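S.K.: Shown below is the structure under consideration.
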Amino acid sequence: MEMILYLGAVWVAFLLGLFIGWLWKPKWAISRTKRHKLCESESSTPTQRLQIEKPRPPPVSSPEFDNSCTSELNHGQSNVVTEEDLEHLWRLVEMKDGGPTWIKMMDRSTETMSYQAWGRDPKTGPPQYRTSTVYEDVTPELVRDFFWDDVFRSKWDDMLAYSTTLEECPTTGTMVVQWIRKFPFFCSDREYIIGRRIWKAGTDYYCVTKGVPCNSVPQRDKPRRVDLCYSSWCIRPVESRRGNGQLTACEVILFHHEDMGIPREIAKLGIRQGMWGAVKKIEPGLRVYQKQRASGAPLSQPAFMAQINTKVDPSYLRALEGVEDLSKTEVVAASDRPLDRNISKLIILGGAIVLACSLNGGLLPKAFIFGVARRFGNMGKKL
């Protein structure tokens with residue numbers, strides 16, 4: 001009799017988790033409707049100190065790139081990624097955005113890489129994440145090209161099912177790309193329309209990528225379009241941890257948030273469990289890319305576009321401190337307080353699979369899925 005009552009309670013918790021998974025939807029999950037033009041003229045920039053740094057044409061054009069998709073941009077349409085995005089990213093990097101406190105989540109390392117992660121919960125919008133990854137013996141320019149190179153990305157990012165360039169601006173290097181990311185069998189694919197652009201300030205690169213509207217690509221039921229997505233980073237040379245005083249290492253400071261469509265605590269639990277496993281898979285791809293570039297491999301079109309940067313005087317960014325009253329964002333260590341035990345773990349696990357079907361693609365959602373899988377595995381061992 002006691003066993004029947006116990007199993008009944010388990011099934012009630014499981015079904016309640018499924019019910020929450022299907023019906024819950026955050027109020028802040030709204031689409032962005034404002035669209036900027038893509039190719040912005042230099043005369044319209046807010047500062048005259050911006051210059052465009054353009055590379056030589058790639059020796060071999062990429063077969064994946066279709067020149068016909070850029071015709072509208074070449075007729076002078078303006079930018080979907082503007083100097084306002086640069087200033088916002090700079091504030092995030094300098095910890096002067098005035099946002100909530102960053103709470104440290106993780107500190108891991110290997111022989112050639114170190115990784116730290118922080119998280120925070122704004123009053124509106126999804127949870128936000130800040131990470132710092134330091135790679136030894138690599139230049140910022142190579143890392144910049146590596147993360148921009150959608151052609152090579154398919155060789156190390158097993159979630160990228162399809163990518164194409166929809167639009168590009170040969171003047172500013174701005175691109176609009178389409179990604180389709182795949183998930184496990186219980187989730188449908190996700191589609192991203194991403195606007196991206198790179199600024200260079202001294203030796204630092206500010207790389208902005210964000211979800212943008214795109215009327216030329218109509219939304220479909222499958223794959224589902226992800227509207228709210230922000231994933232931007234600063235790439236800069238740093239001193240090697242070997243302590244030789246040489247700037248032979250490269251730091252990547254990433255800021256990421258997107259609409260996963262799931263309760264915060266469940267998302268944070270999955271990300272915490274799977275983040276490190278997902279991050280470790282990036283460096284092997286970077287090292288292969290490094291060897292190929294060293295051997296003289298030709299640039300793909302996306303990698304070529306990564307080298308068209310808008311140069312900005314570092315003093316222009318530093319001057320932002322005098323223009324606005326920027327409050328310093330605090331950073332604290334993770335709390336040792338255990339997770340809220342009032343939330344049944346059975347409810348979390350019961351709804352996790354269904355909730356995963358609402359995920360938007362990317363590194364952090366991938367970490368969420370891995371985390372959920374690990375939780376199920378640990379649960380099985382205890383039973």
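Identifiers in the structure tokens: chain A, B, ... in order shown; residue index from 1 per chain; ligand index from 1 in order shown.
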At a cut-off of 7 Å, using only C-alpha atoms, what residues contact range 137-147 of chain A? Leave out same-chain residues fewer than 6 positions from it and give the result as an MDAnalysis selection string.

M.R.: chainID A and resid 235:237 248:250 286 303 306

S.K.: Generate a file of the selected residues that holds C-alpha atoms, formatted as a PDB file, in the first residue's frame.

M.R.:
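out-v3.pdb written:
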ATOM      1  CA  ILE A 235      38.588  39.591 -27.855  1.00  0.00           C
ATOM      2  CA  ARG A 236      41.897  40.956 -26.571  1.00  0.00           C
ATOM      3  CA  PRO A 237      45.513  39.881 -26.003  1.00  0.00           C
ATOM      4  CA  THR A 248      50.834  35.419 -26.123  1.00  0.00           C
ATOM      5  CA  ALA A 249      47.398  34.455 -24.785  1.00  0.00           C
ATOM      6  CA  CYS A 250      43.962  35.668 -25.892  1.00  0.00           C
ATOM      7  CA  LEU A 286      40.179  26.294 -32.518  1.00  0.00           C
ATOM      8  CA  ALA A 303      36.321  34.818 -42.322  1.00  0.00           C
ATOM      9  CA  ALA A 306      35.542  39.238 -40.118  1.00  0.00           C
TER      10      ALA A 306
END

S.K.: Residues at most 6 Å from range 211-220 of chain A, counting only C-alpha atoms, excluding those fewer than 2 positions away in the same chain, as a list in words?

M.R.: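 That gives Ile193, Ile194, Gly195, Lys222, Asp227, Leu228 and Cys229 of chain A.
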
S.K.: Selection from above, all heavy atoms, as a PDB file, in the first residue's frame, can you write it?

M.R.:
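Once everything was written out, this is out_34.pdb:
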ATOM      1  N   ILE A 193      18.071  34.548 -37.137  1.00  0.00           N
ATOM      2  CA  ILE A 193      18.499  35.583 -38.085  1.00  0.00           C
ATOM      3  C   ILE A 193      19.376  36.533 -37.275  1.00  0.00           C
ATOM      4  O   ILE A 193      18.894  37.217 -36.369  1.00  0.00           O
ATOM      5  CB  ILE A 193      17.319  36.328 -38.716  1.00  0.00           C
ATOM      6  CG1 ILE A 193      16.348  35.332 -39.387  1.00  0.00           C
ATOM      7  CG2 ILE A 193      17.826  37.352 -39.714  1.00  0.00           C
ATOM      8  CD1 ILE A 193      16.959  34.566 -40.537  1.00  0.00           C
ATOM      9  N   ILE A 194      20.667  36.566 -37.591  1.00  0.00           N
ATOM     10  CA  ILE A 194      21.654  37.235 -36.747  1.00  0.00           C
ATOM     11  C   ILE A 194      22.302  38.390 -37.499  1.00  0.00           C
ATOM     12  O   ILE A 194      22.780  38.218 -38.624  1.00  0.00           O
ATOM     13  CB  ILE A 194      22.755  36.239 -36.304  1.00  0.00           C
ATOM     14  CG1 ILE A 194      22.131  35.067 -35.545  1.00  0.00           C
ATOM     15  CG2 ILE A 194      23.813  36.939 -35.451  1.00  0.00           C
ATOM     16  CD1 ILE A 194      23.095  33.924 -35.307  1.00  0.00           C
ATOM     17  N   GLY A 195      22.300  39.560 -36.875  1.00  0.00           N
ATOM     18  CA  GLY A 195      23.070  40.689 -37.379  1.00  0.00           C
ATOM     19  C   GLY A 195      24.375  40.774 -36.613  1.00  0.00           C
ATOM     20  O   GLY A 195      24.381  40.625 -35.386  1.00  0.00           O
ATOM     21  N   LYS A 222       8.117  25.381 -38.663  1.00  0.00           N
ATOM     22  CA  LYS A 222       9.341  24.624 -38.428  1.00  0.00           C
ATOM     23  C   LYS A 222      10.354  24.998 -39.508  1.00  0.00           C
ATOM     24  O   LYS A 222      10.026  24.979 -40.683  1.00  0.00           O
ATOM     25  CB  LYS A 222       9.066  23.118 -38.461  1.00  0.00           C
ATOM     26  CG  LYS A 222       8.202  22.619 -37.321  1.00  0.00           C
ATOM     27  CD  LYS A 222       8.050  21.108 -37.381  1.00  0.00           C
ATOM     28  CE  LYS A 222       7.201  20.601 -36.212  1.00  0.00           C
ATOM     29  NZ  LYS A 222       7.057  19.121 -36.248  1.00  0.00           N
ATOM     30  N   ASP A 227      13.631  34.963 -31.726  1.00  0.00           N
ATOM     31  CA  ASP A 227      13.677  36.416 -31.912  1.00  0.00           C
ATOM     32  C   ASP A 227      14.643  37.100 -30.950  1.00  0.00           C
ATOM     33  O   ASP A 227      15.402  37.979 -31.352  1.00  0.00           O
ATOM     34  CB  ASP A 227      12.282  37.015 -31.750  1.00  0.00           C
ATOM     35  CG  ASP A 227      11.340  36.577 -32.861  1.00  0.00           C
ATOM     36  OD1 ASP A 227      11.757  36.626 -34.033  1.00  0.00           O
ATOM     37  OD2 ASP A 227      10.207  36.174 -32.559  1.00  0.00           O
ATOM     38  N   LEU A 228      14.583  36.736 -29.673  1.00  0.00           N
ATOM     39  CA  LEU A 228      15.387  37.416 -28.661  1.00  0.00           C
ATOM     40  C   LEU A 228      16.682  36.655 -28.427  1.00  0.00           C
ATOM     41  O   LEU A 228      16.691  35.589 -27.808  1.00  0.00           O
ATOM     42  CB  LEU A 228      14.600  37.538 -27.354  1.00  0.00           C
ATOM     43  CG  LEU A 228      15.337  38.182 -26.178  1.00  0.00           C
ATOM     44  CD1 LEU A 228      15.829  39.576 -26.548  1.00  0.00           C
ATOM     45  CD2 LEU A 228      14.449  38.222 -24.945  1.00  0.00           C
ATOM     46  N   CYS A 229      17.768  37.203 -28.932  1.00  0.00           N
ATOM     47  CA  CYS A 229      19.071  36.563 -28.771  1.00  0.00           C
ATOM     48  C   CYS A 229      20.155  37.638 -28.787  1.00  0.00           C
ATOM     49  O   CYS A 229      20.178  38.489 -29.679  1.00  0.00           O
ATOM     50  CB  CYS A 229      19.315  35.554 -29.889  1.00  0.00           C
ATOM     51  SG  CYS A 229      20.949  34.762 -29.826  1.00  0.00           S
TER      52      CYS A 229
END

S.K.: List the neighbours of range 172-180 of chain A out to 7 Å using only C-alpha atoms; skip same-chain residues closer than 6 positions along the sequence, and give me the result as a PDB file with all heavy atoms, in the first residue's frame.

M.R.:
ATOM      1  N   CYS A  39      23.751  49.127 -44.449  1.00  0.00           N
ATOM      2  CA  CYS A  39      25.020  49.779 -44.788  1.00  0.00           C
ATOM      3  C   CYS A  39      24.962  51.248 -44.427  1.00  0.00           C
ATOM      4  O   CYS A  39      24.403  52.023 -45.182  1.00  0.00           O
ATOM      5  CB  CYS A  39      25.354  49.606 -46.263  1.00  0.00           C
ATOM      6  SG  CYS A  39      26.579  48.376 -46.561  1.00  0.00           S
ATOM      7  N   ILE A  52      37.168  52.551 -41.362  1.00  0.00           N
ATOM      8  CA  ILE A  52      36.958  51.169 -41.765  1.00  0.00           C
ATOM      9  C   ILE A  52      38.291  50.533 -42.128  1.00  0.00           C
ATOM     10  O   ILE A  52      39.057  51.069 -42.913  1.00  0.00           O
ATOM     11  CB  ILE A  52      36.000  51.076 -42.960  1.00  0.00           C
ATOM     12  CG1 ILE A  52      34.677  51.776 -42.616  1.00  0.00           C
ATOM     13  CG2 ILE A  52      35.754  49.639 -43.360  1.00  0.00           C
ATOM     14  CD1 ILE A  52      33.959  51.170 -41.448  1.00  0.00           C
ATOM     15  N   LEU A 160      25.090  23.052 -35.338  1.00  0.00           N
ATOM     16  CA  LEU A 160      24.817  23.887 -36.511  1.00  0.00           C
ATOM     17  C   LEU A 160      24.455  23.004 -37.694  1.00  0.00           C
ATOM     18  O   LEU A 160      25.295  22.324 -38.273  1.00  0.00           O
ATOM     19  CB  LEU A 160      26.040  24.751 -36.844  1.00  0.00           C
ATOM     20  CG  LEU A 160      25.846  25.750 -37.987  1.00  0.00           C
ATOM     21  CD1 LEU A 160      24.777  26.779 -37.626  1.00  0.00           C
ATOM     22  CD2 LEU A 160      27.167  26.445 -38.319  1.00  0.00           C
ATOM     23  N   ALA A 161      23.173  23.025 -38.059  1.00  0.00           N
ATOM     24  CA  ALA A 161      22.704  22.212 -39.167  1.00  0.00           C
ATOM     25  C   ALA A 161      22.827  22.922 -40.508  1.00  0.00           C
ATOM     26  O   ALA A 161      23.026  22.288 -41.547  1.00  0.00           O
ATOM     27  CB  ALA A 161      21.250  21.796 -38.931  1.00  0.00           C
ATOM     28  N   TYR A 162      22.723  24.263 -40.489  1.00  0.00           N
ATOM     29  CA  TYR A 162      22.721  25.018 -41.744  1.00  0.00           C
ATOM     30  C   TYR A 162      23.067  26.470 -41.448  1.00  0.00           C
ATOM     31  O   TYR A 162      22.686  27.023 -40.409  1.00  0.00           O
ATOM     32  CB  TYR A 162      21.336  24.949 -42.392  1.00  0.00           C
ATOM     33  CG  TYR A 162      21.146  25.827 -43.605  1.00  0.00           C
ATOM     34  CD1 TYR A 162      21.617  25.428 -44.855  1.00  0.00           C
ATOM     35  CD2 TYR A 162      20.500  27.063 -43.499  1.00  0.00           C
ATOM     36  CE1 TYR A 162      21.433  26.245 -45.970  1.00  0.00           C
ATOM     37  CE2 TYR A 162      20.311  27.869 -44.603  1.00  0.00           C
ATOM     38  CZ  TYR A 162      20.783  27.463 -45.837  1.00  0.00           C
ATOM     39  OH  TYR A 162      20.613  28.266 -46.931  1.00  0.00           O
ATOM     40  N   SER A 163      23.815  27.097 -42.356  1.00  0.00           N
ATOM     41  CA  SER A 163      24.096  28.523 -42.238  1.00  0.00           C
ATOM     42  C   SER A 163      24.269  29.115 -43.620  1.00  0.00           C
ATOM     43  O   SER A 163      24.762  28.447 -44.535  1.00  0.00           O
ATOM     44  CB  SER A 163      25.361  28.771 -41.399  1.00  0.00           C
ATOM     45  OG  SER A 163      26.515  28.301 -42.066  1.00  0.00           O
ATOM     46  N   THR A 164      23.846  30.358 -43.771  1.00  0.00           N
ATOM     47  CA  THR A 164      24.029  31.061 -45.033  1.00  0.00           C
ATOM     48  C   THR A 164      24.070  32.559 -44.770  1.00  0.00           C
ATOM     49  O   THR A 164      23.516  33.039 -43.771  1.00  0.00           O
ATOM     50  CB  THR A 164      22.899  30.740 -46.031  1.00  0.00           C
ATOM     51  OG1 THR A 164      23.208  31.305 -47.305  1.00  0.00           O
ATOM     52  CG2 THR A 164      21.564  31.316 -45.558  1.00  0.00           C
ATOM     53  N   THR A 165      24.743  33.289 -45.642  1.00  0.00           N
ATOM     54  CA  THR A 165      24.787  34.745 -45.553  1.00  0.00           C
ATOM     55  C   THR A 165      23.617  35.317 -46.331  1.00  0.00           C
ATOM     56  O   THR A 165      23.480  35.086 -47.531  1.00  0.00           O
ATOM     57  CB  THR A 165      26.113  35.287 -46.122  1.00  0.00           C
ATOM     58  OG1 THR A 165      27.206  34.751 -45.372  1.00  0.00           O
ATOM     59  CG2 THR A 165      26.149  36.803 -46.040  1.00  0.00           C
ATOM     60  N   LEU A 166      22.753  36.061 -45.654  1.00  0.00           N
ATOM     61  CA  LEU A 166      21.602  36.682 -46.301  1.00  0.00           C
ATOM     62  C   LEU A 166      21.967  38.031 -46.892  1.00  0.00           C
ATOM     63  O   LEU A 166      21.531  38.372 -47.990  1.00  0.00           O
ATOM     64  CB  LEU A 166      20.462  36.852 -45.294  1.00  0.00           C
ATOM     65  CG  LEU A 166      19.922  35.566 -44.661  1.00  0.00           C
ATOM     66  CD1 LEU A 166      18.878  35.911 -43.607  1.00  0.00           C
ATOM     67  CD2 LEU A 166      19.325  34.650 -45.723  1.00  0.00           C
ATOM     68  N   ASP A 189      14.091  21.817 -34.644  1.00  0.00           N
ATOM     69  CA  ASP A 189      15.190  22.721 -34.961  1.00  0.00           C
ATOM     70  C   ASP A 189      14.786  24.165 -34.672  1.00  0.00           C
ATOM     71  O   ASP A 189      13.611  24.499 -34.598  1.00  0.00           O
ATOM     72  CB  ASP A 189      15.592  22.578 -36.431  1.00  0.00           C
ATOM     73  CG  ASP A 189      16.214  21.218 -36.721  1.00  0.00           C
ATOM     74  OD1 ASP A 189      16.572  20.514 -35.760  1.00  0.00           O
ATOM     75  OD2 ASP A 189      16.335  20.870 -37.912  1.00  0.00           O
ATOM     76  N   ARG A 190      15.789  25.016 -34.503  1.00  0.00           N
ATOM     77  CA  ARG A 190      15.560  26.439 -34.253  1.00  0.00           C
ATOM     78  C   ARG A 190      16.268  27.267 -35.321  1.00  0.00           C
ATOM     79  O   ARG A 190      17.366  26.939 -35.753  1.00  0.00           O
ATOM     80  CB  ARG A 190      16.087  26.843 -32.868  1.00  0.00           C
ATOM     81  CG  ARG A 190      15.323  26.194 -31.713  1.00  0.00           C
ATOM     82  CD  ARG A 190      13.876  26.684 -31.668  1.00  0.00           C
ATOM     83  NE  ARG A 190      13.179  26.242 -30.487  1.00  0.00           N
ATOM     84  CZ  ARG A 190      12.444  25.144 -30.411  1.00  0.00           C
ATOM     85  NH1 ARG A 190      12.350  24.349 -31.457  1.00  0.00           N
ATOM     86  NH2 ARG A 190      11.812  24.838 -29.295  1.00  0.00           N
ATOM     87  N   GLU A 191      15.617  28.363 -35.731  1.00  0.00           N
ATOM     88  CA  GLU A 191      16.170  29.256 -36.742  1.00  0.00           C
ATOM     89  C   GLU A 191      16.546  30.592 -36.105  1.00  0.00           C
ATOM     90  O   GLU A 191      15.814  31.138 -35.287  1.00  0.00           O
ATOM     91  CB  GLU A 191      15.137  29.496 -37.843  1.00  0.00           C
ATOM     92  CG  GLU A 191      15.613  30.468 -38.922  1.00  0.00           C
ATOM     93  CD  GLU A 191      14.491  30.875 -39.859  1.00  0.00           C
ATOM     94  OE1 GLU A 191      13.384  31.184 -39.356  1.00  0.00           O
ATOM     95  OE2 GLU A 191      14.721  30.897 -41.078  1.00  0.00           O
ATOM     96  N   TYR A 192      17.726  31.102 -36.497  1.00  0.00           N
ATOM     97  CA  TYR A 192      18.201  32.398 -36.030  1.00  0.00           C
ATOM     98  C   TYR A 192      18.478  33.296 -37.228  1.00  0.00           C
ATOM     99  O   TYR A 192      19.072  32.854 -38.211  1.00  0.00           O
ATOM    100  CB  TYR A 192      19.508  32.260 -35.244  1.00  0.00           C
ATOM    101  CG  TYR A 192      19.379  31.556 -33.913  1.00  0.00           C
ATOM    102  CD1 TYR A 192      19.276  30.168 -33.832  1.00  0.00           C
ATOM    103  CD2 TYR A 192      19.385  32.282 -32.733  1.00  0.00           C
ATOM    104  CE1 TYR A 192      19.165  29.528 -32.622  1.00  0.00           C
ATOM    105  CE2 TYR A 192      19.282  31.652 -31.507  1.00  0.00           C
ATOM    106  CZ  TYR A 192      19.161  30.277 -31.454  1.00  0.00           C
ATOM    107  OH  TYR A 192      19.051  29.644 -30.237  1.00  0.00           O
ATOM    108  N   ILE A 193      18.071  34.548 -37.137  1.00  0.00           N
ATOM    109  CA  ILE A 193      18.499  35.583 -38.085  1.00  0.00           C
ATOM    110  C   ILE A 193      19.376  36.533 -37.275  1.00  0.00           C
ATOM    111  O   ILE A 193      18.894  37.217 -36.369  1.00  0.00           O
ATOM    112  CB  ILE A 193      17.319  36.328 -38.716  1.00  0.00           C
ATOM    113  CG1 ILE A 193      16.348  35.332 -39.387  1.00  0.00           C
ATOM    114  CG2 ILE A 193      17.826  37.352 -39.714  1.00  0.00           C
ATOM    115  CD1 ILE A 193      16.959  34.566 -40.537  1.00  0.00           C
ATOM    116  N   ILE A 194      20.667  36.566 -37.591  1.00  0.00           N
ATOM    117  CA  ILE A 194      21.654  37.235 -36.747  1.00  0.00           C
ATOM    118  C   ILE A 194      22.302  38.390 -37.499  1.00  0.00           C
ATOM    119  O   ILE A 194      22.780  38.218 -38.624  1.00  0.00           O
ATOM    120  CB  ILE A 194      22.755  36.239 -36.304  1.00  0.00           C
ATOM    121  CG1 ILE A 194      22.131  35.067 -35.545  1.00  0.00           C
ATOM    122  CG2 ILE A 194      23.813  36.939 -35.451  1.00  0.00           C
ATOM    123  CD1 ILE A 194      23.095  33.924 -35.307  1.00  0.00           C
ATOM    124  N   GLY A 195      22.300  39.560 -36.875  1.00  0.00           N
ATOM    125  CA  GLY A 195      23.070  40.689 -37.379  1.00  0.00           C
ATOM    126  C   GLY A 195      24.375  40.774 -36.613  1.00  0.00           C
ATOM    127  O   GLY A 195      24.381  40.625 -35.386  1.00  0.00           O
ATOM    128  N   ARG A 196      25.493  41.025 -37.320  1.00  0.00           N
ATOM    129  CA  ARG A 196      26.777  41.046 -36.619  1.00  0.00           C
ATOM    130  C   ARG A 196      27.759  42.017 -37.281  1.00  0.00           C
ATOM    131  O   ARG A 196      27.715  42.247 -38.484  1.00  0.00           O
ATOM    132  CB  ARG A 196      27.375  39.643 -36.554  1.00  0.00           C
ATOM    133  CG  ARG A 196      27.637  38.970 -37.888  1.00  0.00           C
ATOM    134  CD  ARG A 196      27.958  37.497 -37.671  1.00  0.00           C
ATOM    135  NE  ARG A 196      28.498  36.858 -38.867  1.00  0.00           N
ATOM    136  CZ  ARG A 196      28.773  35.559 -38.976  1.00  0.00           C
ATOM    137  NH1 ARG A 196      28.554  34.758 -37.944  1.00  0.00           N
ATOM    138  NH2 ARG A 196      29.257  35.063 -40.094  1.00  0.00           N
ATOM    139  N   ARG A 197      28.644  42.549 -36.438  1.00  0.00           N
ATOM    140  CA  ARG A 197      29.615  43.535 -36.895  1.00  0.00           C
ATOM    141  C   ARG A 197      30.769  43.609 -35.889  1.00  0.00           C
ATOM    142  O   ARG A 197      30.575  43.335 -34.700  1.00  0.00           O
ATOM    143  CB  ARG A 197      28.943  44.900 -37.034  1.00  0.00           C
ATOM    144  CG  ARG A 197      29.856  46.025 -37.515  1.00  0.00           C
ATOM    145  CD  ARG A 197      29.076  47.323 -37.639  1.00  0.00           C
ATOM    146  NE  ARG A 197      29.918  48.446 -38.018  1.00  0.00           N
ATOM    147  CZ  ARG A 197      29.490  49.693 -38.152  1.00  0.00           C
ATOM    148  NH1 ARG A 197      28.212  49.974 -37.934  1.00  0.00           N
ATOM    149  NH2 ARG A 197      30.316  50.672 -38.495  1.00  0.00           N
ATOM    150  N   MET A 305      35.069  38.493 -44.224  1.00  0.00           N
ATOM    151  CA  MET A 305      34.247  39.585 -43.702  1.00  0.00           C
ATOM    152  C   MET A 305      34.624  39.947 -42.271  1.00  0.00           C
ATOM    153  O   MET A 305      34.479  41.093 -41.850  1.00  0.00           O
ATOM    154  CB  MET A 305      32.764  39.210 -43.773  1.00  0.00           C
ATOM    155  CG  MET A 305      32.214  39.085 -45.188  1.00  0.00           C
ATOM    156  SD  MET A 305      32.296  40.643 -46.112  1.00  0.00           S
ATOM    157  CE  MET A 305      31.184  41.658 -45.144  1.00  0.00           C
ATOM    158  N   ALA A 306      35.123  38.966 -41.498  1.00  0.00           N
ATOM    159  CA  ALA A 306      35.542  39.238 -40.118  1.00  0.00           C
ATOM    160  C   ALA A 306      36.703  40.209 -40.066  1.00  0.00           C
ATOM    161  O   ALA A 306      36.950  40.845 -39.034  1.00  0.00           O
ATOM    162  CB  ALA A 306      35.922  37.933 -39.426  1.00  0.00           C
ATOM    163  N   ILE A 308      36.991  42.890 -42.007  1.00  0.00           N
ATOM    164  CA  ILE A 308      36.541  44.242 -42.311  1.00  0.00           C
ATOM    165  C   ILE A 308      36.009  44.839 -41.015  1.00  0.00           C
ATOM    166  O   ILE A 308      34.883  44.556 -40.606  1.00  0.00           O
ATOM    167  CB  ILE A 308      35.462  44.256 -43.407  1.00  0.00           C
ATOM    168  CG1 ILE A 308      35.964  43.559 -44.665  1.00  0.00           C
ATOM    169  CG2 ILE A 308      35.043  45.691 -43.724  1.00  0.00           C
ATOM    170  CD1 ILE A 308      34.927  43.479 -45.768  1.00  0.00           C
ATOM    171  N   ASN A 309      36.829  45.617 -40.347  1.00  0.00           N
ATOM    172  CA  ASN A 309      36.485  46.148 -39.028  1.00  0.00           C
ATOM    173  C   ASN A 309      36.373  47.664 -39.053  1.00  0.00           C
ATOM    174  O   ASN A 309      37.055  48.333 -39.825  1.00  0.00           O
ATOM    175  CB  ASN A 309      37.556  45.757 -38.004  1.00  0.00           C
ATOM    176  CG  ASN A 309      37.859  44.267 -37.988  1.00  0.00           C
ATOM    177  OD1 ASN A 309      38.990  43.886 -37.727  1.00  0.00           O
ATOM    178  ND2 ASN A 309      36.871  43.428 -38.297  1.00  0.00           N
ATOM    179  N   THR A 310      35.506  48.184 -38.217  1.00  0.00           N
ATOM    180  CA  THR A 310      35.415  49.617 -38.015  1.00  0.00           C
ATOM    181  C   THR A 310      36.389  50.004 -36.909  1.00  0.00           C
ATOM    182  O   THR A 310      36.220  49.589 -35.763  1.00  0.00           O
ATOM    183  CB  THR A 310      33.993  50.040 -37.625  1.00  0.00           C
ATOM    184  OG1 THR A 310      33.072  49.583 -38.620  1.00  0.00           O
ATOM    185  CG2 THR A 310      33.891  51.554 -37.509  1.00  0.00           C
TER     186      THR A 310
END

S.K.: If you count only C-alpha atoms, which residues fall within 9 Å of range 93-99 of chain A, apart from same-chain ones fewer than 6 positions away, as an NGL selection string?

M.R.: :A and (120 or 122 or 233-234 or 253-255 or 321 or 326-331)

S.K.: Pick from A:Val134, A:Cys207, A:Leu269, A:Leu299: nearest to Gly119 in chain A, with only C-alpha atoms counted?

M.R.: A:Leu269

S.K.: Nearest to Thr203 in chain A among A:Val312, A:Arg108, A:Gln301, A:Ser232, with distances taken over only C-alpha atoms: which residue is it?

M.R.: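 Smallest separation from Thr203 in chain A among the options: A:Val312.
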
S.K.: Enumerate as a PyMOL selection string all residues of range 165-247 of chain A assigned to strand (DSSP E or B) by DSSP on the backbone, naming them with the chain letters and numbers the document uses.

M.R.: chain A and resi 165-168+175-181+190-201+204-211+224-226+229-238

S.K.: Using the selection just defined, write its residues with C-alpha atoms as a short mmCIF file (atom, residue, chain, number, x, y, z; two decimals), in the first residue's frame.

M.R.:
data_model
loop_
_atom_site.label_atom_id
_atom_site.label_comp_id
_atom_site.auth_asym_id
_atom_site.auth_seq_id
_atom_site.Cartn_x
_atom_site.Cartn_y
_atom_site.Cartn_z
CA THR A 165 24.79 34.75 -45.55
CA LEU A 166 21.60 36.68 -46.30
CA GLU A 167 23.13 40.15 -46.58
CA GLU A 168 26.49 41.81 -46.11
CA MET A 175 26.51 40.72 -42.00
CA VAL A 176 23.04 39.26 -41.64
CA VAL A 177 23.24 35.48 -41.45
CA GLN A 178 20.73 32.69 -41.06
CA TRP A 179 21.45 29.76 -38.78
CA ILE A 180 19.43 26.62 -38.22
CA ARG A 181 20.47 24.71 -35.13
CA ARG A 190 15.56 26.44 -34.25
CA GLU A 191 16.17 29.26 -36.74
CA TYR A 192 18.20 32.40 -36.03
CA ILE A 193 18.50 35.58 -38.09
CA ILE A 194 21.65 37.23 -36.75
CA GLY A 195 23.07 40.69 -37.38
CA ARG A 196 26.78 41.05 -36.62
CA ARG A 197 29.61 43.54 -36.89
CA ILE A 198 33.15 44.02 -35.50
CA TRP A 199 34.88 47.13 -34.16
CA LYS A 200 38.61 47.41 -33.45
CA ALA A 201 39.85 49.65 -30.62
CA ASP A 204 40.88 44.84 -28.79
CA TYR A 205 38.02 43.58 -30.96
CA TYR A 206 34.37 44.20 -30.04
CA CYS A 207 32.19 41.65 -31.83
CA VAL A 208 28.44 42.24 -31.67
CA THR A 209 25.94 39.57 -32.69
CA LYS A 210 22.24 39.81 -32.00
CA GLY A 211 18.92 38.62 -33.32
CA ARG A 224 10.84 27.88 -35.06
CA ARG A 225 12.31 31.41 -35.25
CA VAL A 226 14.24 32.66 -32.20
CA CYS A 229 19.07 36.56 -28.77
CA TYR A 230 22.19 38.51 -27.76
CA SER A 231 25.67 36.99 -27.89
CA SER A 232 28.56 39.45 -28.09
CA TRP A 233 32.16 39.34 -27.02
CA CYS A 234 35.40 41.25 -26.61
CA ILE A 235 38.59 39.59 -27.86
CA ARG A 236 41.90 40.96 -26.57
CA PRO A 237 45.51 39.88 -26.00
CA VAL A 238 46.49 39.07 -22.42
#

S.K.: Quick one: DSSP alpha helix (DSSP H) residues in range 63-229 of chain A, as a PyMOL selection string?

M.R.: chain A and resi 83-93+140-148+150-153

S.K.: Which value, in Å to one decimal, gives the distance between CA of Asp149 in chain A and CA of Glu84 in chain A?

M.R.: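 Here the two named atoms are 24.6 Å from each other.
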